[in-house]
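A.B. asks: I have a structure here, written as structure tokens, and I will follow up with some questions on it.
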Amino acid sequence: MSDTFLIAPSMLSSDFANLAGELEKLKSAQADWIHWDVMDGHFVPNLTFGAPVIKKARKSSPLFFDVHLMIEQPEKYITDFIKAGSDSITIHVESTKKAEECFKEMEESGVKKGISLRPKTDLKDIKPFLSKVDLVLVMTVEPGFGGQSFMNSQIDKIRELKNIREKNNYNYQIEVDGGVSEVTAPLVKEADVLVAGSFIFKSDDYKTAIERLKACRK
């Protein structure tokens, strides 16, 4: 285990009118990943990016694109997001009856496979997939909008996921998204990747904000 977190700034909090500029600033600030929250207005009550936006953004950044699909029937769109340049794609178990089909297509395309837990989702609902995925995303807010407060009730899920991984020798990374800051990051040291929106994009210096989050794991 590394002594620092991987940091994935969430583009949901970025300046949509200047995505290329934001991506360049994040590269200079030594962000590890770029997190894209894709919302369809059905699975969650908001609309955000689609595959065409990510495809255009891909030309502006060499960083790892971590794409979180908060959409119904993701199996209909997996191909589009793979072609757009996603490095990992995370789906929700509640949004599809074809998770295995989605993971198969990702694997065949060399894209990392992710599964997500909403706050109200029981960990047992994703256990059948833990041996197959590369990433487990634990939502520490209700998905749909940025800027929400961290839910301490989700910390036990993160710890249990780490225990399950060690017990079974699984290989998934644990990612946390929602209300991440210098205050909440030390509460989730069992995680590997932190998604941060407001904490980074509302700061005066992206690099300093990222460094401060990374150090919270030490």
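Ligands are numbered from 1 in the order shown, residues from 1 within each chain, and chains are lettered A, B, ... in the order they appear in the structure tokens.
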Where does DSSP see strand (DSSP E or B) in chain A, if you list the residues as an MDAnalysis selection string?

C.D. replies: chainID A and resid 6:10 33:40 47 64:70 88:92 112:117 135:139 173:177 193:196

A.B. asks: Please produce an output containing C-alpha atoms for each residue in the selection, written as a short mmCIF file (atom, residue, chain, number, x, y, z; two decimals), in the first residue's frame.

C.D. replies:
data_model
loop_
_atom_site.label_atom_id
_atom_site.label_comp_id
_atom_site.auth_asym_id
_atom_site.auth_seq_id
_atom_site.Cartn_x
_atom_site.Cartn_y
_atom_site.Cartn_z
CA LEU A 6 -4.10 8.72 -5.74
CA ILE A 7 -6.08 11.90 -6.40
CA ALA A 8 -8.79 12.08 -9.06
CA PRO A 9 -10.18 15.62 -9.47
CA SER A 10 -13.85 15.51 -10.41
CA TRP A 33 -6.49 10.58 -12.54
CA ILE A 34 -9.33 12.64 -14.01
CA HIS A 35 -12.80 11.68 -12.79
CA TRP A 36 -15.82 12.09 -15.07
CA ASP A 37 -19.31 11.85 -13.56
CA VAL A 38 -21.68 10.84 -16.34
CA MET A 39 -25.34 11.40 -15.38
CA ASP A 40 -28.43 10.79 -17.48
CA LEU A 47 -27.42 15.73 -16.52
CA PHE A 64 -5.94 8.41 -16.65
CA PHE A 65 -9.65 8.97 -17.43
CA ASP A 66 -11.80 7.46 -14.67
CA VAL A 67 -15.38 7.41 -16.00
CA HIS A 68 -18.28 6.87 -13.60
CA LEU A 69 -21.51 5.95 -15.38
CA MET A 70 -24.52 7.01 -13.29
CA SER A 88 -11.67 2.82 -16.49
CA ILE A 89 -15.46 2.63 -16.48
CA THR A 90 -17.52 2.21 -13.33
CA ILE A 91 -21.15 1.08 -13.37
CA HIS A 92 -23.83 0.68 -10.72
CA LYS A 112 -10.41 -1.28 -16.19
CA LYS A 113 -13.67 -2.53 -14.70
CA GLY A 114 -15.38 -0.69 -11.85
CA ILE A 115 -18.48 -1.21 -9.70
CA SER A 116 -20.01 1.44 -7.44
CA LEU A 117 -21.82 1.51 -4.11
CA LEU A 135 -12.07 -0.76 -8.89
CA VAL A 136 -14.78 -0.37 -6.26
CA LEU A 137 -16.17 3.15 -5.92
CA VAL A 138 -17.78 3.96 -2.57
CA MET A 139 -20.08 6.97 -2.75
CA GLN A 173 -8.57 -0.51 -5.78
CA ILE A 174 -10.95 1.25 -3.41
CA GLU A 175 -12.07 4.70 -4.50
CA VAL A 176 -14.03 7.23 -2.43
CA ASP A 177 -16.19 9.99 -3.88
CA VAL A 193 -8.10 6.73 -4.63
CA LEU A 194 -9.86 9.94 -3.61
CA VAL A 195 -12.22 11.79 -5.92
CA ALA A 196 -12.27 15.48 -5.02
#

A.B. asks: Leaving out A:Cys102 and any residue of its chain fewer than 2 positions from it, which residues lie within 8 Å of it when counting only C-alpha atoms, given as a list of chain:residue names?

C.D. replies: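 Non-adjacent residues within range: A:Pro74, A:Glu75, A:Ile78, A:Lys98, A:Ala99, A:Glu100, A:Lys104, A:Glu105, A:Met106.
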
A.B. asks: Any idea what's packed within 9 Å of stretch 48-62 of chain A, counting only C-alpha atoms, ignoring anything in its chain fewer than 6 positions away? Could you give it as an mmCIF file with N, CA and C atoms, in the first residue's frame?

C.D. replies:
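Saved to part.cif:
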data_model
loop_
_atom_site.group_PDB
_atom_site.id
_atom_site.type_symbol
_atom_site.label_atom_id
_atom_site.label_comp_id
_atom_site.auth_asym_id
_atom_site.auth_seq_id
_atom_site.Cartn_x
_atom_site.Cartn_y
_atom_site.Cartn_z
ATOM 1 N N LEU A 12 -16.823 17.437 -12.566
ATOM 2 C CA LEU A 12 -18.144 17.979 -12.273
ATOM 3 C C LEU A 12 -18.042 19.361 -11.630
ATOM 4 N N LEU A 19 -12.732 23.406 -20.342
ATOM 5 C CA LEU A 19 -12.295 22.072 -19.940
ATOM 6 C C LEU A 19 -10.835 21.809 -20.316
ATOM 7 N N ALA A 20 -10.430 22.237 -21.506
ATOM 8 C CA ALA A 20 -9.048 21.992 -21.929
ATOM 9 C C ALA A 20 -8.070 22.704 -20.992
ATOM 10 N N GLY A 21 -8.406 23.926 -20.615
ATOM 11 C CA GLY A 21 -7.549 24.670 -19.700
ATOM 12 C C GLY A 21 -7.485 24.031 -18.329
ATOM 13 N N LEU A 23 -7.934 20.856 -17.645
ATOM 14 C CA LEU A 23 -7.166 19.615 -17.745
ATOM 15 C C LEU A 23 -5.663 19.889 -17.759
ATOM 16 N N GLU A 24 -5.260 20.946 -18.421
ATOM 17 C CA GLU A 24 -3.838 21.310 -18.453
ATOM 18 C C GLU A 24 -3.370 21.723 -17.057
ATOM 19 N N LYS A 27 -2.962 18.611 -14.938
ATOM 20 C CA LYS A 27 -1.730 17.890 -15.280
ATOM 21 C C LYS A 27 -0.531 18.556 -14.603
ATOM 22 N N TRP A 36 -14.684 11.586 -14.302
ATOM 23 C CA TRP A 36 -15.820 12.093 -15.071
ATOM 24 C C TRP A 36 -17.115 11.480 -14.543
ATOM 25 N N ASP A 37 -18.004 12.310 -14.030
ATOM 26 C CA ASP A 37 -19.311 11.846 -13.557
ATOM 27 C C ASP A 37 -20.324 11.979 -14.687
ATOM 28 N N VAL A 38 -20.730 10.848 -15.233
ATOM 29 C CA VAL A 38 -21.681 10.835 -16.341
ATOM 30 C C VAL A 38 -23.074 10.559 -15.777
ATOM 31 N N MET A 39 -23.986 11.509 -15.943
ATOM 32 C CA MET A 39 -25.338 11.399 -15.378
ATOM 33 C C MET A 39 -26.376 11.584 -16.480
ATOM 34 N N ASP A 40 -27.447 10.796 -16.397
ATOM 35 C CA ASP A 40 -28.425 10.788 -17.484
ATOM 36 C C ASP A 40 -29.781 11.423 -17.139
ATOM 37 N N GLY A 41 -29.931 11.940 -15.911
ATOM 38 C CA GLY A 41 -31.212 12.524 -15.529
ATOM 39 C C GLY A 41 -32.279 11.501 -15.181
ATOM 40 N N TYR A 77 -24.232 1.871 -23.772
ATOM 41 C CA TYR A 77 -23.308 2.977 -24.028
ATOM 42 C C TYR A 77 -21.839 2.645 -23.767
ATOM 43 N N ASP A 80 -19.466 3.291 -26.635
ATOM 44 C CA ASP A 80 -19.211 4.710 -26.901
ATOM 45 C C ASP A 80 -18.152 5.276 -25.948
ATOM 46 N N PHE A 81 -18.250 4.895 -24.675
ATOM 47 C CA PHE A 81 -17.303 5.432 -23.692
ATOM 48 C C PHE A 81 -15.921 4.797 -23.822
ATOM 49 N N ILE A 82 -15.870 3.564 -24.278
ATOM 50 C CA ILE A 82 -14.574 2.944 -24.567
ATOM 51 C C ILE A 82 -13.907 3.682 -25.733
ATOM 52 N N LYS A 83 -14.675 3.907 -26.796
ATOM 53 C CA LYS A 83 -14.136 4.591 -27.973
ATOM 54 C C LYS A 83 -13.754 6.035 -27.671
ATOM 55 N N ALA A 84 -14.399 6.630 -26.671
ATOM 56 C CA ALA A 84 -14.115 8.018 -26.309
ATOM 57 C C ALA A 84 -12.768 8.166 -25.606
ATOM 58 N N GLY A 85 -12.206 7.038 -25.130
ATOM 59 C CA GLY A 85 -10.887 7.090 -24.512
ATOM 60 C C GLY A 85 -10.870 6.867 -23.017
ATOM 61 N N SER A 86 -11.905 6.238 -22.477
ATOM 62 C CA SER A 86 -11.943 5.932 -21.044
ATOM 63 C C SER A 86 -10.855 4.917 -20.699
#

A.B. asks: Between atom CA of A:Asn169 and atom CA of A:Ser131, what is the distance in Å, rounded to a tenth?

C.D. replies: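 Taking atom CA of A:Asn169 and atom CA of A:Ser131, their separation equals 8.9 Å.
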
A.B. asks: Mind listing the helix (DSSP H, G or I) residues of chain A, per DSSP on the backbone, as a ChimeraX atom specification?

C.D. replies: /A:11-13,16-28,51-58,74-76,78-83,93-95,99-109,123-125,127-129,152-168,185-188,198-201,206-217
